[in-house]
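Next up, structure11.csv (CSV, C-alpha atoms and all ligand atoms):
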```
chain,number,residue,atom,x,y,z
Z,1,MET,CA,-24.9,13.8,-20.4
Z,2,ARG,CA,-22.6,15.8,-18.2
Z,3,HIS,CA,-23.4,19.3,-17.2
Z,4,PRO,CA,-21.5,21.7,-19.5
Z,5,GLN,CA,-20.2,23.8,-16.7
Z,6,LEU,CA,-16.4,23.8,-16.6
Z,7,SER,CA,-14.9,23.7,-13.1
Z,8,ILE,CA,-11.5,25.0,-14.2
Z,9,ILE,CA,-10.7,27.9,-16.5
Z,10,ILE,CA,-7.3,28.5,-18.0
Z,11,LEU,CA,-6.4,32.2,-17.3
Z,12,LEU,CA,-4.2,32.4,-20.3
Z,13,THR,CA,-5.2,35.9,-21.4
Z,14,ALA,CA,-3.5,37.4,-18.4
Z,15,PHE,CA,-0.2,36.3,-19.7
Z,16,LEU,CA,-0.5,36.2,-23.4
Z,17,GLY,CA,0.5,39.8,-23.5
Z,18,GLY,CA,3.8,38.7,-22.0
Z,19,CYS,CA,4.6,36.2,-24.8
Z,20,SER,CA,7.0,37.1,-27.6
Z,21,SER,CA,5.3,37.8,-30.9
Z,22,THR,CA,7.1,34.8,-32.4
Z,23,GLU,CA,5.4,32.5,-30.0
Z,24,THR,CA,3.0,30.4,-32.1
Z,25,VAL,CA,-0.3,29.4,-30.5
Z,26,PHE,CA,-2.6,26.7,-31.9
Z,27,HIS,CA,-6.0,26.1,-30.4
Z,28,GLU,CA,-8.5,23.4,-31.4
Z,29,ARG,CA,-11.8,22.4,-29.8
Z,30,PHE,CA,-13.9,19.3,-30.4
Z,31,PHE,CA,-16.3,17.0,-28.5
Z,32,ALA,CA,-15.0,13.7,-27.2
Z,33,LEU,CA,-15.2,11.6,-24.0
Z,34,GLY,CA,-18.6,13.2,-23.4
Z,35,THR,CA,-17.2,16.7,-23.0
Z,36,LEU,CA,-15.5,19.6,-24.8
Z,37,ILE,CA,-11.8,19.0,-25.4
Z,38,GLU,CA,-9.5,22.0,-25.9
Z,39,VAL,CA,-6.1,21.4,-27.3
Z,40,SER,CA,-3.7,24.3,-27.0
Z,41,ILE,CA,-0.2,24.0,-28.5
Z,42,TYR,CA,2.6,26.6,-28.1
Z,43,GLY,CA,5.7,27.2,-30.1
Z,44,ALA,CA,5.2,24.5,-32.7
Z,45,ASP,CA,4.9,24.6,-36.5
Z,46,PRO,CA,1.1,25.3,-37.1
Z,47,THR,CA,0.8,22.5,-39.7
Z,48,LEU,CA,2.4,20.0,-37.4
Z,49,ALA,CA,0.1,21.2,-34.5
Z,50,ALA,CA,-3.0,20.8,-36.7
Z,51,ARG,CA,-2.0,17.3,-37.7
Z,52,ALA,CA,-1.3,16.3,-34.2
Z,53,SER,CA,-4.6,17.7,-33.0
Z,54,GLU,CA,-6.5,16.0,-35.8
Z,55,GLN,CA,-5.0,12.7,-34.8
Z,56,LEU,CA,-5.8,13.3,-31.1
Z,57,GLU,CA,-9.4,13.9,-32.0
Z,58,GLN,CA,-9.6,10.5,-33.8
Z,59,GLU,CA,-7.9,8.7,-31.0
Z,60,LEU,CA,-10.0,10.2,-28.3
Z,61,LEU,CA,-13.2,9.3,-30.2
Z,62,THR,CA,-12.0,5.7,-30.4
Z,63,MET,CA,-11.2,5.6,-26.7
Z,64,GLN,CA,-14.6,7.0,-26.0
Z,65,SER,CA,-16.4,4.2,-27.7
Z,66,SER,CA,-14.2,1.4,-26.5
Z,67,TRP,CA,-14.1,2.5,-22.9
Z,68,HIS,CA,-17.8,3.3,-22.6
Z,69,ALA,CA,-19.4,1.4,-19.7
Z,70,TRP,CA,-22.9,0.9,-21.2
Z,71,GLN,CA,-22.7,1.6,-25.0
Z,72,PRO,CA,-21.3,-1.1,-27.3
Z,73,GLY,CA,-17.6,-1.4,-27.3
Z,74,ALA,CA,-14.6,-3.3,-25.7
Z,75,LEU,CA,-15.5,-2.4,-22.1
Z,76,ALA,CA,-19.2,-3.1,-22.5
Z,77,SER,CA,-18.4,-6.6,-23.9
Z,78,THR,CA,-15.9,-7.2,-21.1
Z,79,ASN,CA,-18.7,-6.4,-18.6
Z,80,GLU,CA,-20.9,-8.9,-20.4
Z,81,GLN,CA,-18.3,-11.6,-20.2
Z,82,LEU,CA,-17.5,-10.8,-16.6
Z,83,ALA,CA,-21.1,-11.4,-15.8
Z,84,GLY,CA,-20.8,-14.9,-17.3
Z,85,MET,CA,-18.2,-15.8,-14.6
Z,86,GLN,CA,-16.1,-17.9,-16.9
Z,87,PRO,CA,-12.4,-17.1,-17.7
Z,88,PHE,CA,-12.0,-15.1,-20.9
Z,89,THR,CA,-9.6,-12.8,-22.8
Z,90,PRO,CA,-10.9,-9.2,-23.2
Z,91,ASP,CA,-9.9,-6.9,-26.0
Z,92,PRO,CA,-6.2,-6.4,-25.4
Z,93,SER,CA,-6.5,-2.6,-25.8
Z,94,ILE,CA,-8.3,-2.3,-22.5
Z,95,LEU,CA,-6.1,-4.6,-20.3
Z,96,PRO,CA,-3.7,-1.9,-19.2
Z,97,LEU,CA,-6.6,0.4,-18.4
Z,98,LEU,CA,-8.2,-2.3,-16.2
Z,99,GLN,CA,-4.9,-3.0,-14.5
Z,100,GLU,CA,-4.2,0.6,-13.7
Z,101,ALA,CA,-7.7,1.1,-12.4
Z,102,GLY,CA,-7.2,-1.9,-10.1
Z,103,HIS,CA,-3.9,-0.5,-8.8
Z,104,LEU,CA,-5.3,3.0,-8.1
Z,105,SER,CA,-8.4,1.4,-6.5
Z,106,GLN,CA,-6.1,-0.5,-4.1
Z,107,LEU,CA,-4.1,2.7,-3.2
Z,108,SER,CA,-7.4,4.5,-2.5
Z,109,ARG,CA,-8.5,1.7,-0.2
Z,110,GLY,CA,-11.5,1.1,-2.5
Z,111,LEU,CA,-12.9,4.6,-2.3
Z,112,PHE,CA,-12.1,5.0,-6.0
Z,113,ASN,CA,-13.9,1.8,-7.0
Z,114,PRO,CA,-14.1,1.3,-10.8
Z,115,VAL,CA,-16.2,-1.9,-10.5
Z,116,ILE,CA,-19.4,-0.3,-9.1
Z,117,GLY,CA,-21.0,0.1,-12.5
Z,118,LYS,CA,-24.2,-1.6,-11.3
Z,119,LEU,CA,-24.6,0.9,-8.4
Z,120,VAL,CA,-24.0,3.9,-10.7
Z,121,ALA,CA,-26.6,2.5,-13.1
Z,122,LEU,CA,-29.1,2.0,-10.2
Z,123,TRP,CA,-28.7,5.7,-9.6
Z,124,GLY,CA,-29.6,6.5,-13.2
Z,125,PHE,CA,-26.2,7.9,-14.2
Z,126,HIS,CA,-25.8,5.6,-17.2
Z,127,ASP,CA,-28.1,7.8,-19.3
Z,128,ASN,CA,-31.0,6.0,-17.7
Z,129,PRO,CA,-32.5,8.8,-15.4
Z,130,LEU,CA,-34.9,7.7,-12.7
Z,131,PRO,CA,-38.5,8.9,-12.9
Z,132,VAL,CA,-38.6,12.5,-11.5
Z,133,GLY,CA,-39.0,12.6,-7.7
Z,134,THR,CA,-37.9,9.0,-7.1
Z,135,LEU,CA,-34.8,7.3,-5.7
Z,136,PRO,CA,-33.4,3.8,-6.3
Z,137,ASP,CA,-34.9,0.8,-4.5
Z,138,THR,CA,-33.2,0.7,-1.1
Z,139,ASP,CA,-33.1,-3.1,-1.1
Z,140,ALA,CA,-31.3,-3.1,-4.4
Z,141,ILE,CA,-28.7,-0.7,-3.1
Z,142,ALA,CA,-28.2,-2.8,0.1
Z,143,THR,CA,-27.8,-6.0,-1.9
Z,144,LEU,CA,-25.1,-4.5,-4.1
Z,145,VAL,CA,-23.3,-3.0,-1.1
Z,146,ALA,CA,-23.4,-6.3,0.6
Z,147,GLN,CA,-21.9,-8.0,-2.4
Z,148,ALA,CA,-19.0,-5.5,-2.1
Z,149,PRO,CA,-17.6,-5.6,-5.7
Z,150,ALA,CA,-13.9,-4.8,-5.6
Z,151,THR,CA,-11.2,-4.8,-8.2
Z,152,ASP,CA,-9.4,-7.7,-6.6
Z,153,ASP,CA,-12.5,-9.9,-7.3
Z,154,VAL,CA,-11.1,-10.0,-10.9
Z,155,SER,CA,-7.8,-11.8,-11.4
Z,156,PHE,CA,-5.5,-11.4,-14.3
Z,157,THR,CA,-3.6,-14.4,-15.6
Z,158,GLY,CA,-1.6,-13.1,-18.5
Z,159,THR,CA,-4.3,-11.8,-20.7
Z,160,ARG,CA,-7.1,-13.8,-19.2
Z,161,LEU,CA,-9.6,-12.5,-16.7
Z,162,VAL,CA,-11.5,-14.5,-14.0
Z,163,ASN,CA,-14.3,-12.8,-12.1
Z,164,ARG,CA,-15.3,-14.1,-8.7
Z,165,ASN,CA,-18.1,-11.6,-7.9
Z,166,PRO,CA,-21.3,-11.3,-9.9
Z,167,ALA,CA,-21.8,-7.8,-8.7
Z,168,VAL,CA,-18.6,-6.6,-10.5
Z,169,SER,CA,-19.2,-4.3,-13.5
Z,170,TYR,CA,-16.5,-1.8,-14.7
Z,171,ASP,CA,-17.4,1.9,-15.0
Z,172,LEU,CA,-14.2,3.8,-15.7
Z,173,GLY,CA,-16.0,7.2,-15.6
Z,174,ALA,CA,-13.9,8.4,-12.7
Z,175,PHE,CA,-10.5,8.0,-14.3
Z,176,ALA,CA,-10.8,7.3,-18.1
Z,177,LYS,CA,-10.7,11.0,-18.9
Z,178,GLY,CA,-7.4,11.3,-17.0
Z,179,TYR,CA,-6.0,8.1,-18.7
Z,180,ALA,CA,-7.1,9.5,-22.1
Z,181,ILE,CA,-5.4,12.9,-21.4
Z,182,ASP,CA,-2.2,11.0,-20.5
Z,183,ARG,CA,-2.3,9.1,-23.8
Z,184,ALA,CA,-3.0,12.4,-25.6
Z,185,ILE,CA,0.1,14.0,-24.1
Z,186,GLU,CA,2.2,11.0,-25.0
Z,187,ARG,CA,1.0,11.4,-28.6
Z,188,LEU,CA,1.8,15.1,-28.7
Z,189,ARG,CA,5.3,14.4,-27.5
Z,190,GLU,CA,5.7,11.8,-30.2
Z,191,PHE,CA,4.9,14.6,-32.6
Z,192,GLY,CA,7.8,16.6,-31.0
Z,193,ILE,CA,5.4,19.0,-29.3
Z,194,GLU,CA,6.7,20.0,-25.9
Z,195,ASN,CA,4.4,22.9,-24.8
Z,196,ALA,CA,0.7,22.1,-24.7
Z,197,ILE,CA,-2.5,21.9,-22.6
Z,198,VAL,CA,-5.1,19.2,-23.1
Z,199,ASN,CA,-8.2,20.4,-21.3
Z,200,ALA,CA,-11.2,18.0,-21.1
Z,201,GLY,CA,-14.2,19.8,-19.7
Z,202,GLY,CA,-12.1,21.7,-17.1
Z,203,ASP,CA,-9.8,18.8,-16.2
Z,204,LEU,CA,-6.4,19.2,-17.8
Z,205,ARG,CA,-2.8,18.3,-18.1
Z,206,ALA,CA,-0.2,20.9,-19.2
Z,207,ILE,CA,3.4,20.2,-20.4
Z,208,GLY,CA,6.2,22.7,-20.9
Z,209,GLN,CA,5.3,26.4,-20.8
Z,210,HIS,CA,4.3,29.3,-23.1
Z,211,GLY,CA,6.9,31.9,-23.7
Z,212,ASP,CA,8.9,32.1,-20.5
Z,213,ARG,CA,5.8,32.0,-18.3
Z,214,SER,CA,3.9,29.4,-16.3
Z,215,TRP,CA,0.2,28.9,-16.7
Z,216,ARG,CA,-2.3,30.1,-14.2
Z,217,ILE,CA,-5.4,27.8,-13.9
Z,218,GLY,CA,-8.6,29.2,-12.4
Z,219,ILE,CA,-10.7,27.0,-10.1
Z,220,ARG,CA,-14.4,27.8,-10.3
Z,221,GLN,CA,-16.7,28.5,-7.4
Z,222,PRO,CA,-18.7,25.3,-6.9
Z,223,ARG,CA,-22.0,27.0,-6.0
Z,224,GLN,CA,-22.0,30.2,-8.0
Z,225,SER,CA,-20.4,31.7,-11.1
Z,226,GLY,CA,-16.9,33.1,-11.0
Z,227,ILE,CA,-13.5,32.0,-9.8
Z,228,LEU,CA,-12.7,30.9,-6.3
Z,229,ALA,CA,-8.9,30.7,-6.7
Z,230,SER,CA,-6.2,30.2,-9.2
Z,231,ILE,CA,-3.0,28.1,-9.2
Z,232,GLU,CA,0.2,28.5,-11.1
Z,233,ILE,CA,1.5,25.4,-12.9
Z,234,ASP,CA,4.4,24.7,-15.3
Z,235,GLY,CA,6.5,21.7,-16.4
Z,236,ASP,CA,4.3,18.7,-16.4
Z,237,THR,CA,1.2,19.1,-14.2
Z,238,SER,CA,-2.4,17.9,-14.2
Z,239,VAL,CA,-5.3,19.7,-12.4
Z,240,PHE,CA,-8.5,17.6,-11.8
Z,241,THR,CA,-11.7,18.6,-10.0
Z,242,SER,CA,-14.5,16.3,-8.9
Z,243,GLY,CA,-17.7,18.2,-7.9
Z,244,ASP,CA,-21.2,17.4,-6.9
Z,245,TYR,CA,-22.5,19.9,-9.4
Z,246,GLU,CA,-21.3,18.0,-12.5
Z,247,ARG,CA,-24.3,15.6,-12.7
Z,248,PHE,CA,-27.1,15.5,-10.2
Z,249,PHE,CA,-30.8,15.5,-9.6
Z,250,GLU,CA,-32.9,16.6,-6.6
Z,251,VAL,CA,-35.6,14.9,-4.6
Z,252,ASP,CA,-37.4,16.8,-1.8
Z,253,GLY,CA,-34.7,19.5,-1.9
Z,254,LYS,CA,-31.8,17.1,-1.4
Z,255,ARG,CA,-29.1,16.7,-4.1
Z,256,TYR,CA,-28.2,13.3,-5.4
Z,257,HIS,CA,-25.1,13.4,-7.5
Z,258,HIS,CA,-22.9,11.0,-9.5
Z,259,ILE,CA,-20.0,10.3,-7.0
Z,260,ILE,CA,-21.1,7.2,-5.1
Z,261,ASP,CA,-19.6,6.1,-1.8
Z,262,PRO,CA,-19.1,2.3,-2.4
Z,263,ARG,CA,-19.5,1.6,1.3
Z,264,SER,CA,-23.0,3.0,1.6
Z,265,GLY,CA,-24.2,2.8,-2.0
Z,266,TYR,CA,-25.3,6.5,-1.8
Z,267,PRO,CA,-23.8,9.7,-3.2
Z,268,ALA,CA,-21.0,10.8,-0.9
Z,269,ASP,CA,-22.5,13.8,1.0
Z,270,GLN,CA,-19.7,15.3,3.0
Z,271,THR,CA,-18.0,17.0,0.1
Z,272,ILE,CA,-18.9,19.6,-2.5
Z,273,SER,CA,-15.7,19.5,-4.6
Z,274,VAL,CA,-12.1,18.3,-4.6
Z,275,THR,CA,-9.2,19.6,-6.7
Z,276,VAL,CA,-6.1,17.5,-7.0
Z,277,VAL,CA,-2.8,18.7,-8.6
Z,278,HIS,CA,-0.5,15.9,-9.6
Z,279,ASP,CA,2.0,15.1,-12.4
Z,280,ASN,CA,0.0,12.5,-14.3
Z,281,ALA,CA,-3.7,12.9,-15.2
Z,282,THR,CA,-4.7,9.3,-14.6
Z,283,THR,CA,-3.8,9.4,-10.9
Z,284,ALA,CA,-5.1,13.0,-10.5
Z,285,ASP,CA,-8.5,11.9,-11.9
Z,286,ALA,CA,-8.9,8.8,-9.7
Z,287,ALA,CA,-7.6,10.7,-6.7
Z,288,ALA,CA,-10.1,13.6,-7.1
Z,289,THR,CA,-12.9,11.0,-7.0
Z,290,ALA,CA,-11.4,9.0,-4.1
Z,291,LEU,CA,-10.8,12.1,-1.9
Z,292,PHE,CA,-14.3,13.3,-2.7
Z,293,VAL,CA,-15.6,10.1,-1.2
Z,294,ALA,CA,-13.1,10.2,1.7
Z,295,GLY,CA,-14.5,13.6,2.7
Z,296,PRO,CA,-13.2,16.1,5.3
Z,297,GLU,CA,-12.3,13.5,7.9
Z,298,ASP,CA,-10.3,11.0,5.8
Z,299,TRP,CA,-8.9,12.8,2.8
Z,300,VAL,CA,-5.4,13.2,4.3
Z,301,GLU,CA,-5.0,9.5,4.9
Z,302,ILE,CA,-6.1,8.6,1.4
Z,303,ALA,CA,-4.1,11.3,-0.3
Z,304,ARG,CA,-1.0,10.0,1.5
Z,305,SER,CA,-1.8,6.4,0.4
Z,306,MET,CA,-2.2,7.6,-3.2
Z,307,HIS,CA,1.0,9.7,-3.1
Z,308,ILE,CA,-0.8,12.9,-3.8
Z,309,GLY,CA,0.9,16.1,-2.8
Z,310,LEU,CA,-1.5,19.0,-3.5
Z,311,VAL,CA,-5.2,18.9,-2.5
Z,312,MET,CA,-8.1,21.4,-1.9
Z,313,LEU,CA,-11.4,20.0,-0.6
Z,314,ILE,CA,-14.5,22.0,-0.1
Z,315,ASP,CA,-16.8,20.3,2.5
Z,316,ALA,CA,-20.6,20.2,2.7
Z,317,ASN,CA,-20.4,23.3,5.0
Z,318,GLY,CA,-18.4,25.3,2.6
Z,319,VAL,CA,-15.2,25.0,4.6
Z,320,ILE,CA,-12.0,24.8,2.5
Z,321,HIS,CA,-9.5,22.1,3.5
Z,322,MET,CA,-6.1,21.9,2.1
Z,323,ASN,CA,-2.5,20.9,2.8
Z,324,PRO,CA,0.2,23.5,3.5
Z,325,ALA,CA,1.9,22.9,0.1
Z,326,MET,CA,-1.3,23.6,-1.7
Z,327,GLN,CA,-1.8,26.8,0.3
Z,328,SER,CA,1.5,28.0,-0.8
Z,329,ARG,CA,0.6,27.4,-4.5
Z,330,ILE,CA,-3.0,28.7,-4.6
Z,331,ARG,CA,-4.2,32.3,-4.7
Z,332,PHE,CA,-7.7,33.0,-3.6
Z,333,GLU,CA,-9.8,35.8,-5.1
Z,334,PRO,CA,-10.0,38.8,-2.7
Z,335,ASP,CA,-13.8,38.2,-2.2
Z,336,ASN,CA,-13.3,34.7,-0.7
Z,337,THR,CA,-14.7,34.7,2.8
Z,338,ALA,CA,-14.9,30.9,3.3
Z,339,GLU,CA,-13.0,29.4,6.3
Z,340,ILE,CA,-9.8,27.7,5.3
Z,341,ARG,CA,-8.6,24.8,7.4
Z,342,LEU,CA,-5.0,23.6,6.9
Z,343,SER,CA,-4.1,19.9,7.3
Z,344,GLU,CA,-0.8,18.4,8.4
Z,345,PRO,CA,1.7,18.2,5.6
Z,346,LEU,CA,1.0,15.2,3.3
Z,347,SER,CA,4.6,14.1,3.1
Z,401,LIG,P1,-16.4,13.7,-13.6
Z,401,LIG,O1,-16.4,12.6,-14.5
Z,401,LIG,O2,-17.7,14.5,-13.5
Z,401,LIG,O3,-15.2,14.6,-13.7
Z,401,LIG,P2,-15.4,11.9,-11.5
Z,401,LIG,O4,-14.0,11.9,-12.2
Z,401,LIG,O5,-15.4,12.1,-10.1
Z,401,LIG,O6,-16.3,13.1,-12.1
Z,401,LIG,O7,-16.2,10.6,-12.0
Z,401,LIG,C1,-17.5,10.4,-11.6
Z,401,LIG,C2,-18.0,9.1,-12.4
Z,401,LIG,O8,-17.3,8.0,-11.9
Z,401,LIG,C3,-19.4,8.8,-12.1
Z,401,LIG,O9,-20.3,9.4,-13.1
Z,401,LIG,C4,-19.5,7.3,-12.2
Z,401,LIG,O10,-19.5,6.9,-13.5
Z,401,LIG,C5,-18.1,6.9,-11.6
Z,401,LIG,N1,-18.1,6.8,-10.1
Z,401,LIG,C6,-19.0,7.2,-9.2
Z,401,LIG,N2,-18.6,7.0,-8.0
Z,401,LIG,C7,-17.4,6.3,-8.1
Z,401,LIG,C8,-16.4,5.8,-7.2
Z,401,LIG,N3,-16.6,5.9,-5.8
Z,401,LIG,N4,-15.3,5.2,-7.7
Z,401,LIG,C9,-15.1,5.1,-9.0
Z,401,LIG,N5,-16.0,5.6,-9.9
Z,401,LIG,C10,-17.1,6.2,-9.5
Z,402,MG,MG,-12.2,11.5,-11.2
```
Before anything else, please render the file you have as structure tokens.
Amino acid sequence: MRHPQLSIIILLTAFLGGCSSTETVFHERFFALGTLIEVSIYGADPTLAARASEQLEQELLTMQSSWHAWQPGALASTNEQLAGMQPFTPDPSILPLLQEAGHLSQLSRGLFNPVIGKLVALWGFHDNPLPVGTLPDTDAIATLVAQAPATDDVSFTGTRLVNRNPAVSYDLGAFAKGYAIDRAIERLREFGIENAIVNAGGDLRAIGQHGDRSWRIGIRQPRQSGILASIEIDGDTSVFTSGDYERFFEVDGKRYHHIIDPRSGYPADQTISVTVVHDNATTADAAATALFVAGPEDWVEIARSMHIGLVMLIDANGVIHMNPAMQSRIRFEPDNTAEIRLSEPLS
């Protein structure tokens, strides 16, 4: 299971004093998608907010089982059928998810690669940890890398799928949370709710505002407790962080974490964390993973290709990289001493 540490904290308390006393705030917390979900709704009738939140919980639990890569459900049976290499029609509920994953993978030039489930499993991140002190078999990694599973190995003809590469196995862990949050926000809007935050283990999307204020989101230090910086958001904004501290093990003092570079088959080791700010959560989630893999040399190119406008990347040496637009939005804590390196503008 994932590490419970949240990479992002919502600094609401700083502003709540500024809200009018008539501002209604509704909070609910529950576990879904393998993490703690916090739904916060502002300025809505409390009964309506409770009903909406209750429905979200049910829907997120359904998504969790049908999108799970290795527990029984629609995605797991899709993977079984893909392995059979015969055309088939998957559960229609997951088709849009697979198509969106393919689209984002293309934009990321394959660095966000949602069909490397076999590699992720080889590293023990499908709840199948390796014996303590051991690494996966190097030949098995090399074989999967040589087979180069890619989303365009699967073609979609109407609702039918055809797989051309036996190494393909979907693992939507890098973007399903974003996709689920987007569906959750759509559902809240259907309930007539316009001001809300859906926070899944520190990754979130906010809509509207509370009172006449924007929200300030704190970004955690990746290697110690406390906050590194904070960013003000309002309107319709998602903030997603991918970090090497979320799930990892160590062998001989080296950290092996859950974000795999599909080109090498090993955990991407040039990055500690990436925070992406974007309007929709699906793209923000996929991009945080892709830019993590791209690392300090290539993140600008991949961010442009994915149409991302606000990025902060902390590299393996602790240097903070970001684009100028991000710098103008982010406020570092006064005790931050890390070097900050600005990129060219992203657009
Ligand atoms: P988290 O889920 O901790 O927020 P990410 O969004 O970065 O982190 O997703 C990491 C998960 O995505 C891994 O646990 C694995 O299931 C899957 N994954 C690992 N590497 C990649 C990759 N390069 N592209 C797509 N999915 C990946
Ligand atoms: Mg992600």
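Counting all atoms listed in the file and comparing Z:Phe31, Z:Ala180, Z:Leu95, Z:Leu48, the residue that lies closest to Met63 of chain Z is Z:Ala180.
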Distance query segment 270-287 of chain Z at most 8 Å, all atoms listed in the file, self and fewer than 3 positions along chain excluded, as an NGL selection string: :Z and (104 or 108 or 112 or 174-182 or 204-205 or 222 or 236-245 or 290-293 or 295-296 or 303 or 306 or 308-316 or 318)
Find the residues near ligand LIG 401 (chain Z). Use a cut-off of 6 Å, count only C-alpha atoms and all ligand atoms, and write them as a PDB file with C-alpha atoms, in the frame of the given file.
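Resulting contents of result_11.pdb:
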```pdb
ATOM      1  CA  LEU Z 111     -12.900   4.600  -2.300  1.00  0.00           C
ATOM      2  CA  PHE Z 112     -12.100   5.000  -6.000  1.00  0.00           C
ATOM      3  CA  ASN Z 113     -13.900   1.800  -7.000  1.00  0.00           C
ATOM      4  CA  PRO Z 114     -14.100   1.300 -10.800  1.00  0.00           C
ATOM      5  CA  VAL Z 120     -24.000   3.900 -10.700  1.00  0.00           C
ATOM      6  CA  ASP Z 171     -17.400   1.900 -15.000  1.00  0.00           C
ATOM      7  CA  GLY Z 173     -16.000   7.200 -15.600  1.00  0.00           C
ATOM      8  CA  ALA Z 174     -13.900   8.400 -12.700  1.00  0.00           C
ATOM      9  CA  PHE Z 175     -10.500   8.000 -14.300  1.00  0.00           C
ATOM     10  CA  SER Z 242     -14.500  16.300  -8.900  1.00  0.00           C
ATOM     11  CA  GLU Z 246     -21.300  18.000 -12.500  1.00  0.00           C
ATOM     12  CA  HIS Z 258     -22.900  11.000  -9.500  1.00  0.00           C
ATOM     13  CA  ILE Z 259     -20.000  10.300  -7.000  1.00  0.00           C
ATOM     14  CA  ILE Z 260     -21.100   7.200  -5.100  1.00  0.00           C
ATOM     15  CA  ASP Z 261     -19.600   6.100  -1.800  1.00  0.00           C
ATOM     16  CA  PRO Z 262     -19.100   2.300  -2.400  1.00  0.00           C
ATOM     17  CA  ASP Z 285      -8.500  11.900 -11.900  1.00  0.00           C
ATOM     18  CA  THR Z 289     -12.900  11.000  -7.000  1.00  0.00           C
TER      19      THR Z 289
END
```
So that I can check the surroundings of Thr143 of chain Z, please list as a list in words every protein, DNA and RNA residue that reaches within 12 Å of it, counting all atoms listed in the file and ignoring chain neighbours fewer than 5 positions away. Lys118, Leu119, Leu122, Asp137, Thr138, Ala148, Pro149, Pro166, Ala167, Arg263, Ser264 and Gly265 of chain Z
Any chance you could export the current selection's C-alpha atoms as a PDB file, keeping the file's coordinate frame?
```
ATOM      1  CA  LYS Z 118     -24.200  -1.600 -11.300  1.00  0.00           C
ATOM      2  CA  LEU Z 119     -24.600   0.900  -8.400  1.00  0.00           C
ATOM      3  CA  LEU Z 122     -29.100   2.000 -10.200  1.00  0.00           C
ATOM      4  CA  ASP Z 137     -34.900   0.800  -4.500  1.00  0.00           C
ATOM      5  CA  THR Z 138     -33.200   0.700  -1.100  1.00  0.00           C
ATOM      6  CA  ALA Z 148     -19.000  -5.500  -2.100  1.00  0.00           C
ATOM      7  CA  PRO Z 149     -17.600  -5.600  -5.700  1.00  0.00           C
ATOM      8  CA  PRO Z 166     -21.300 -11.300  -9.900  1.00  0.00           C
ATOM      9  CA  ALA Z 167     -21.800  -7.800  -8.700  1.00  0.00           C
ATOM     10  CA  ARG Z 263     -19.500   1.600   1.300  1.00  0.00           C
ATOM     11  CA  SER Z 264     -23.000   3.000   1.600  1.00  0.00           C
ATOM     12  CA  GLY Z 265     -24.200   2.800  -2.000  1.00  0.00           C
TER      13      GLY Z 265
END
```
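The gap separating atom CA of Ala52 of chain Z from atom CA of Gly34 of chain Z is 20.6 Å, in Å to one decimal.
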For each of Z:Ala101, Z:Val251, Z:Met326, Z:Ala140, take the minimum atom-to-atom distance to ligand MG 402 (chain Z), counting only C-alpha atoms and all ligand atoms, then give the residue where this is smallest. Z:Ala101
Determine, counting only C-alpha atoms, which protein, DNA and RNA residues have an atom within 7 Å of an atom of segment 227-231 of chain Z; residues of the same chain fewer than 2 positions away are not included. Present the result as a PyMOL selection string. chain Z and resi 216-221+233+329-333+336
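Going from atom CA of Gln209 of chain Z over to atom CA of Ile37 of chain Z, you cover 19.2 Å.
Across Z:Ser105, Z:Gln99, Z:Ser169, Z:Ser40, the tightest approach to ligand MG 402 (chain Z) is made by Z:Ser105 when counting all atoms listed in the file.
Considering the residues Z:His68, Z:Arg304, Z:Asp234, Z:Ala200 and counting only C-alpha atoms and all ligand atoms, ligand MG 402 (chain Z) has its shortest atom-to-atom contact with Z:Ala200.
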Kindly complete segment 317-323 of chain Z to N, CA, C and O atoms; the output should be written as a CSV table (one decimal), keeping the file's coordinate frame.
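See out35.csv below for the written result:
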```
chain,number,residue,atom,x,y,z
Z,317,ASN,N,-20.1,22.0,4.4
Z,317,ASN,CA,-20.4,23.3,5.0
Z,317,ASN,C,-19.7,24.5,4.4
Z,317,ASN,O,-19.8,25.6,4.9
Z,318,GLY,N,-19.0,24.2,3.3
Z,318,GLY,CA,-18.4,25.3,2.6
Z,318,GLY,C,-17.0,25.6,3.1
Z,318,GLY,O,-16.3,26.5,2.6
Z,319,VAL,N,-16.5,24.8,4.1
Z,319,VAL,CA,-15.2,25.0,4.6
Z,319,VAL,C,-14.1,24.5,3.6
Z,319,VAL,O,-14.3,23.4,3.1
Z,320,ILE,N,-13.1,25.2,3.4
Z,320,ILE,CA,-12.0,24.8,2.5
Z,320,ILE,C,-10.9,24.1,3.2
Z,320,ILE,O,-10.3,24.7,4.1
Z,321,HIS,N,-10.6,22.9,2.9
Z,321,HIS,CA,-9.5,22.1,3.5
Z,321,HIS,C,-8.4,22.0,2.5
Z,321,HIS,O,-8.6,21.8,1.3
Z,322,MET,N,-7.2,22.2,3.0
Z,322,MET,CA,-6.1,21.9,2.1
Z,322,MET,C,-4.8,21.7,2.8
Z,322,MET,O,-4.7,21.9,4.0
Z,323,ASN,N,-3.8,21.1,2.2
Z,323,ASN,CA,-2.5,20.9,2.8
Z,323,ASN,C,-1.6,22.1,2.6
Z,323,ASN,O,-1.9,22.9,1.8
```
